[in-house]
Amino acid sequence: MTTTPGLPAGIAHPFSPAGRIDPYPAYDWLRAHAPVHRDPMSGMWLVTSHADCVALLKDPAFSAAAGQRERARDDDLPVSMLTTDGADHARLRAPGALLLGPAALASVEDAVAADADAVLDRAARAGTLDDAVEQLGVPLATAVLGRLFGLGEDDWGTLAQLARAVSVNLDPLAPPPVARLGRAAMGELTRFLDAHAEQAPPSPLARLAADPRLTRQEMLGVLGLAVVGGWQPLAESIGNALYWLLPRPDARAALRSADAEGALTAMDELLRLEAPIPFTARVTLREATLPGGTIPAGQRVLAVLAAANRDPAVFTDPAEPVFDRTPNPHLAFGGGPHFCLAARLVRQAGALLLTRLVHRFPDANPGSSTPSWAPTLIPRRITGLSVELGADAGTGRCPVTGAGVGA
Ligand code: HEM
């Protein structure tokens, strides 16, 4: 039986090899016994209850800027919303809405719906998917960013390649050689976006680039953050969702009969159960008191969103999917001033793809592979998830308008 400092015998530390695969026993124990806990193994404070995470994310004593700066390899990144606090952050966030706010979303909605259909058309031709993330999540995430950025489809391959390379910057425990490659790729991505922004066609990116409130470097910082923080989490959220959805015929049937709001509710529940970004870092600028305890100044702190999302004080049957759970105050998108700017976009894009998938392939089932959780810390992601799509019931698209199911 293994012993981990700060945890009872037999419970793997969430950063250990076994704990990275299944961190939930540790999260459950910590939340119940020490919701504000100084972890002797990492030297960081782990905050695991819903009430404590909500309070932390709102409290200016916890600095996101300092929390992100601690990740030394991010030094080369242009300043962005996640590396600033207070007034600096608000100044960047307001124009950031030009890229990710409701008007931006509305302007790409129809194109993304058509892209989701094209992704499913390709899947239908394959019949069996060897890897749902690569064959569904990655093309969806690439299309979403491609549309927001006004990139021609010829450039989507380059975008996906660069996005994949910079995504290692998400994982705080990536080995140094991998992290170095991620840093170099960030420079390449920034140069690619800079050149594209020069002559971008009308698009949310073009509106952001033309906004006088941001310097060129700041504008590139916002774009870079959207790629690093958005591409892989969105792609992986599809795999994580299918992991829970596919083996449950009742849930698939319920999603088939759900209206647009019901589909968003189901997507929220899937994000709650398996948050692609399981925690986010802060540093205390001064002593800070949370409902579950006090943290001294100058400490590194993780708000463990994935633990808060399974807090039995807030969610009944927290480890089970309840696809019509309402309200669902999950923290998969964080909270407070840094709440994910793309939350609506992610919920909508995910709900759209999943709804169309269950309509079009009513018998879709997990394939014969045994999927496994990757040992990365961020994002939380499933690997090797194969899918037997079964019979193709067709798109249900109107031959006149082209509008499809779940539109
Ligand atoms: C499933 C997919 C996604 C998840 C789970 C997610 C989650 C999060 C979380 C937890 C934060 C807060 C971080 C913190 O407080 O330290 C955040 C912030 C942010 N996210 Fe997302 N995100 C997703 C996709 C996206 C996408 C697709 C984009 C852009 C295209 C995006 C853009 C942003 C931005 C710009 C911020 C920073 C907001 C700020 O600091 O004011 N995210 N996201």
# chains A, B, ... in the order shown; residues from 1 in each chain; ligands from 1
$ closest_atom_pairs --of "chain A" --to "ligand 1" --cutoff "6 Å" --atoms "only C-alpha atoms and all ligand atoms" --output "Markdown table"
| residue | atom | partner | partner_atom_place_in_ligand_line | distance |
| --- | --- | --- | --- | --- |
| A:Met81 | CA | ligand 1 | 40 (O) | 4.1 |
| A:Leu82 | CA | ligand 1 | 40 (O) | 4.1 |
| A:Arg93 | CA | ligand 1 | 41 (O) | 5.5 |
| A:Leu225 | CA | ligand 1 | 35 (C) | 5.7 |
| A:Ala226 | CA | ligand 1 | 29 (C) | 3.8 |
| A:Gly229 | CA | ligand 1 | 42 (N) | 5.3 |
| A:Gly230 | CA | ligand 1 | 26 (C) | 3.2 |
| A:Trp231 | CA | ligand 1 | 27 (C) | 5.6 |
| A:Pro233 | CA | ligand 1 | 2 (C) | 4.3 |
| A:Leu234 | CA | ligand 1 | 2 (C) | 3.9 |
| A:Ser237 | CA | ligand 1 | 1 (C) | 5.0 |
| A:Ala275 | CA | ligand 1 | 5 (C) | 5.9 |
| A:Pro276 | CA | ligand 1 | 5 (C) | 4.9 |
| A:Ile277 | CA | ligand 1 | 5 (C) | 5.1 |
| A:Thr280 | CA | ligand 1 | 16 (O) | 4.8 |
| A:Ala332 | CA | ligand 1 | 5 (C) | 5.2 |
| A:Phe333 | CA | ligand 1 | 10 (C) | 3.9 |
| A:Gly334 | CA | ligand 1 | 10 (C) | 3.9 |
| A:Pro337 | CA | ligand 1 | 41 (O) | 5.9 |
| A:His338 | CA | ligand 1 | 41 (O) | 3.7 |
| A:Phe339 | CA | ligand 1 | 12 (C) | 5.1 |
| A:Cys340 | CA | ligand 1 | 18 (C) | 3.5 |
| A:Leu341 | CA | ligand 1 | 34 (C) | 4.9 |
| A:Ala342 | CA | ligand 1 | 31 (C) | 4.6 |
| A:Val346 | CA | ligand 1 | 2 (C) | 5.7 |
$ write_last_selection --atoms "C-alpha atoms" --output "compact mmCIF listing (two decimals), in the first residue's frame"
# COMPACT_ATOMS: atom_id res chain seq x y z
CA MET A 81 -5.86 38.26 -20.16
CA LEU A 82 -4.57 35.35 -18.14
CA ARG A 93 -10.82 41.62 -21.76
CA LEU A 225 -4.36 32.72 -25.63
CA ALA A 226 -7.41 31.67 -27.66
CA GLY A 229 -6.28 27.89 -24.04
CA GLY A 230 -8.98 26.95 -26.52
CA TRP A 231 -8.00 24.59 -29.32
CA PRO A 233 -9.51 21.86 -24.53
CA LEU A 234 -12.33 22.18 -27.07
CA SER A 237 -14.03 18.10 -24.50
CA ALA A 275 -13.44 19.27 -16.88
CA PRO A 276 -10.77 19.51 -19.63
CA ILE A 277 -9.00 22.19 -17.55
CA THR A 280 -6.03 26.86 -12.53
CA ALA A 332 -15.28 23.95 -15.83
CA PHE A 333 -14.98 27.47 -17.25
CA GLY A 334 -13.53 28.94 -14.05
CA PRO A 337 -13.16 38.02 -13.62
CA HIS A 338 -11.25 35.37 -15.64
CA PHE A 339 -14.36 33.28 -16.43
CA CYS A 340 -13.75 31.72 -19.87
CA LEU A 341 -14.61 34.26 -22.52
CA ALA A 342 -15.52 31.45 -24.91
CA VAL A 346 -17.69 26.00 -26.42
$ residues_around --residues "Thr294 of chain A" --least-positions-apart "3" --cutoff "12 Å" --atoms "only C-alpha atoms" --output "list in words"
Ala34, Pro35, Val36, His37, Arg38, Trp45, Val47, Asp52, Leu56, Ala61, Thr284, Arg286, Glu287, Ala288, Thr289, Leu290, Pro291, Ala297, Gln299 and Val301 of chain A
$ write_last_selection --atoms "all heavy atoms" --output "short mmCIF file (atom, residue, chain, number, x, y, z; two decimals), in the first residue's frame"
data_model
loop_
_atom_site.label_atom_id
_atom_site.label_comp_id
_atom_site.auth_asym_id
_atom_site.auth_seq_id
_atom_site.Cartn_x
_atom_site.Cartn_y
_atom_site.Cartn_z
N ALA A 34 -9.88 18.27 4.05
CA ALA A 34 -8.96 19.43 4.06
C ALA A 34 -9.17 20.24 2.79
O ALA A 34 -8.32 20.24 1.90
CB ALA A 34 -7.51 18.95 4.14
N PRO A 35 -10.32 20.94 2.68
CA PRO A 35 -10.64 21.62 1.41
C PRO A 35 -9.66 22.73 1.04
O PRO A 35 -9.57 23.11 -0.12
CB PRO A 35 -12.05 22.16 1.63
CG PRO A 35 -12.25 22.19 3.11
CD PRO A 35 -11.40 21.10 3.68
N VAL A 36 -8.94 23.24 2.04
CA VAL A 36 -7.87 24.22 1.76
C VAL A 36 -6.60 23.60 2.36
O VAL A 36 -6.38 23.62 3.56
CB VAL A 36 -8.20 25.58 2.39
CG1 VAL A 36 -7.07 26.58 2.17
CG2 VAL A 36 -9.51 26.13 1.81
N HIS A 37 -5.79 23.01 1.49
CA HIS A 37 -4.78 22.07 1.96
C HIS A 37 -3.40 22.43 1.42
O HIS A 37 -3.25 22.61 0.20
CB HIS A 37 -5.19 20.66 1.44
CG HIS A 37 -4.15 19.61 1.60
ND1 HIS A 37 -3.85 19.04 2.82
CD2 HIS A 37 -3.34 18.99 0.68
CE1 HIS A 37 -2.91 18.12 2.66
NE2 HIS A 37 -2.58 18.08 1.38
N ARG A 38 -2.40 22.54 2.29
CA ARG A 38 -1.03 22.73 1.77
C ARG A 38 -0.47 21.36 1.46
O ARG A 38 -0.32 20.51 2.34
CB ARG A 38 -0.14 23.47 2.76
CG ARG A 38 1.17 23.82 2.09
CD ARG A 38 2.12 24.64 2.91
NE ARG A 38 3.33 24.87 2.14
CZ ARG A 38 4.25 23.95 1.88
NH1 ARG A 38 4.12 22.73 2.34
NH2 ARG A 38 5.32 24.25 1.15
N TRP A 45 -0.87 24.98 -2.50
CA TRP A 45 -2.13 24.80 -1.79
C TRP A 45 -3.16 24.27 -2.79
O TRP A 45 -3.30 24.84 -3.89
CB TRP A 45 -2.61 26.13 -1.20
CG TRP A 45 -1.75 26.59 -0.05
CD1 TRP A 45 -0.50 27.10 -0.16
CD2 TRP A 45 -2.09 26.57 1.33
NE1 TRP A 45 -0.01 27.40 1.10
CE2 TRP A 45 -0.97 27.08 2.02
CE3 TRP A 45 -3.21 26.17 2.06
CZ2 TRP A 45 -0.95 27.21 3.41
CZ3 TRP A 45 -3.20 26.29 3.44
CH2 TRP A 45 -2.07 26.80 4.11
N VAL A 47 -7.07 23.71 -3.41
CA VAL A 47 -8.39 24.16 -2.91
C VAL A 47 -9.44 23.34 -3.67
O VAL A 47 -9.52 23.42 -4.91
CB VAL A 47 -8.55 25.67 -3.13
CG1 VAL A 47 -9.95 26.13 -2.76
CG2 VAL A 47 -7.51 26.42 -2.30
N ASP A 52 -15.11 27.03 -1.66
CA ASP A 52 -13.77 27.64 -1.57
C ASP A 52 -13.27 28.07 -2.96
O ASP A 52 -12.67 29.14 -3.10
CB ASP A 52 -12.78 26.66 -0.93
CG ASP A 52 -13.03 26.53 0.57
OD1 ASP A 52 -13.01 27.56 1.26
OD2 ASP A 52 -13.28 25.40 1.03
N LEU A 56 -12.35 31.83 -4.01
CA LEU A 56 -10.97 32.09 -4.47
C LEU A 56 -10.97 32.81 -5.82
O LEU A 56 -10.24 33.79 -6.02
CB LEU A 56 -10.26 30.74 -4.56
CG LEU A 56 -8.81 30.60 -5.01
CD1 LEU A 56 -8.33 29.21 -4.67
CD2 LEU A 56 -8.56 30.88 -6.45
N ALA A 61 -7.18 38.94 -3.86
CA ALA A 61 -5.95 38.57 -3.15
C ALA A 61 -5.24 37.42 -3.89
O ALA A 61 -4.06 37.18 -3.69
CB ALA A 61 -6.27 38.15 -1.72
N THR A 284 -1.05 34.04 -3.88
CA THR A 284 -1.66 34.98 -2.94
C THR A 284 -0.79 36.24 -2.81
O THR A 284 0.40 36.16 -2.53
CB THR A 284 -1.83 34.36 -1.53
OG1 THR A 284 -0.62 33.66 -1.20
CG2 THR A 284 -3.01 33.41 -1.49
N ARG A 286 -1.54 38.60 -0.65
CA ARG A 286 -1.55 38.87 0.79
C ARG A 286 -2.24 37.68 1.44
O ARG A 286 -2.75 36.81 0.74
CB ARG A 286 -2.31 40.18 1.10
CG ARG A 286 -3.67 40.27 0.43
CD ARG A 286 -4.32 41.64 0.61
NE ARG A 286 -5.55 41.71 -0.19
CZ ARG A 286 -5.62 42.10 -1.47
NH1 ARG A 286 -4.51 42.44 -2.11
NH2 ARG A 286 -6.78 42.14 -2.11
N GLU A 287 -2.25 37.67 2.77
CA GLU A 287 -2.96 36.57 3.45
C GLU A 287 -4.43 36.59 3.01
O GLU A 287 -5.02 37.66 2.87
CB GLU A 287 -2.87 36.77 4.97
CG GLU A 287 -3.50 35.62 5.73
CD GLU A 287 -3.43 35.85 7.24
OE1 GLU A 287 -2.41 35.48 7.84
OE2 GLU A 287 -4.41 36.39 7.79
N ALA A 288 -4.98 35.42 2.72
CA ALA A 288 -6.35 35.37 2.21
C ALA A 288 -7.15 34.31 2.96
O ALA A 288 -6.65 33.21 3.20
CB ALA A 288 -6.34 35.04 0.72
N THR A 289 -8.37 34.69 3.33
CA THR A 289 -9.21 33.75 4.07
C THR A 289 -10.36 33.27 3.21
O THR A 289 -11.11 34.08 2.66
CB THR A 289 -9.73 34.41 5.37
OG1 THR A 289 -8.59 34.73 6.16
CG2 THR A 289 -10.63 33.47 6.15
N LEU A 290 -10.45 31.96 3.07
CA LEU A 290 -11.54 31.32 2.34
C LEU A 290 -12.46 30.66 3.36
O LEU A 290 -12.06 30.48 4.52
CB LEU A 290 -10.97 30.25 1.39
CG LEU A 290 -10.05 30.78 0.29
CD1 LEU A 290 -9.37 29.63 -0.45
CD2 LEU A 290 -10.85 31.65 -0.69
N PRO A 291 -13.68 30.23 2.96
CA PRO A 291 -14.55 29.58 3.93
C PRO A 291 -13.85 28.39 4.62
O PRO A 291 -14.02 28.16 5.82
CB PRO A 291 -15.74 29.09 3.09
CG PRO A 291 -15.74 29.94 1.86
CD PRO A 291 -14.34 30.41 1.64
N ALA A 297 0.40 34.93 2.64
CA ALA A 297 0.81 35.65 1.42
C ALA A 297 1.92 34.89 0.70
O ALA A 297 2.68 34.13 1.31
CB ALA A 297 1.32 37.04 1.82
N GLN A 299 1.89 32.47 -1.57
CA GLN A 299 1.78 31.02 -1.78
C GLN A 299 1.21 30.71 -3.16
O GLN A 299 0.35 31.42 -3.66
CB GLN A 299 0.83 30.41 -0.72
CG GLN A 299 1.27 30.64 0.69
CD GLN A 299 2.56 29.91 1.02
OE1 GLN A 299 2.63 28.69 0.89
NE2 GLN A 299 3.58 30.65 1.42
N VAL A 301 -1.20 28.56 -5.36
CA VAL A 301 -2.49 27.95 -5.04
C VAL A 301 -3.11 27.39 -6.32
O VAL A 301 -3.06 28.04 -7.37
CB VAL A 301 -3.46 29.02 -4.46
CG1 VAL A 301 -4.78 28.39 -4.06
CG2 VAL A 301 -2.82 29.75 -3.28
#
$ select_by_dssp --residues "segment 226-346 of chain A" --states "helix (DSSP H, G or I)" --output "ChimeraX atom specification"
/A:226-245,249-257,260-273,305-308,336-338,343-346
$ closest_residue --among "A:Phe192, A:Ala210, A:Ala307, A:Ser42" --to "Ala26 of chain A" --atoms "only C-alpha atoms"
A:Ala307
$ residues_around --residues "Phe279 of chain A" --least-positions-apart "6" --cutoff "12 Å" --atoms "only C-alpha atoms" --output "MDAnalysis selection string"
chainID A and resid 14:15 23 27 45:48 53 57 67 170:172 301:309 331:335 377:380
$ residues_around --residues "Leu223 of chain A" --least-positions-apart "4" --cutoff "12 Å" --atoms "only C-alpha atoms" --output "ChimeraX atom specification"
/A:77-81,92-93,95-100,145-146,148-149,163,186,189-194,196-197,204-206,208-209,214,216-219,227-231
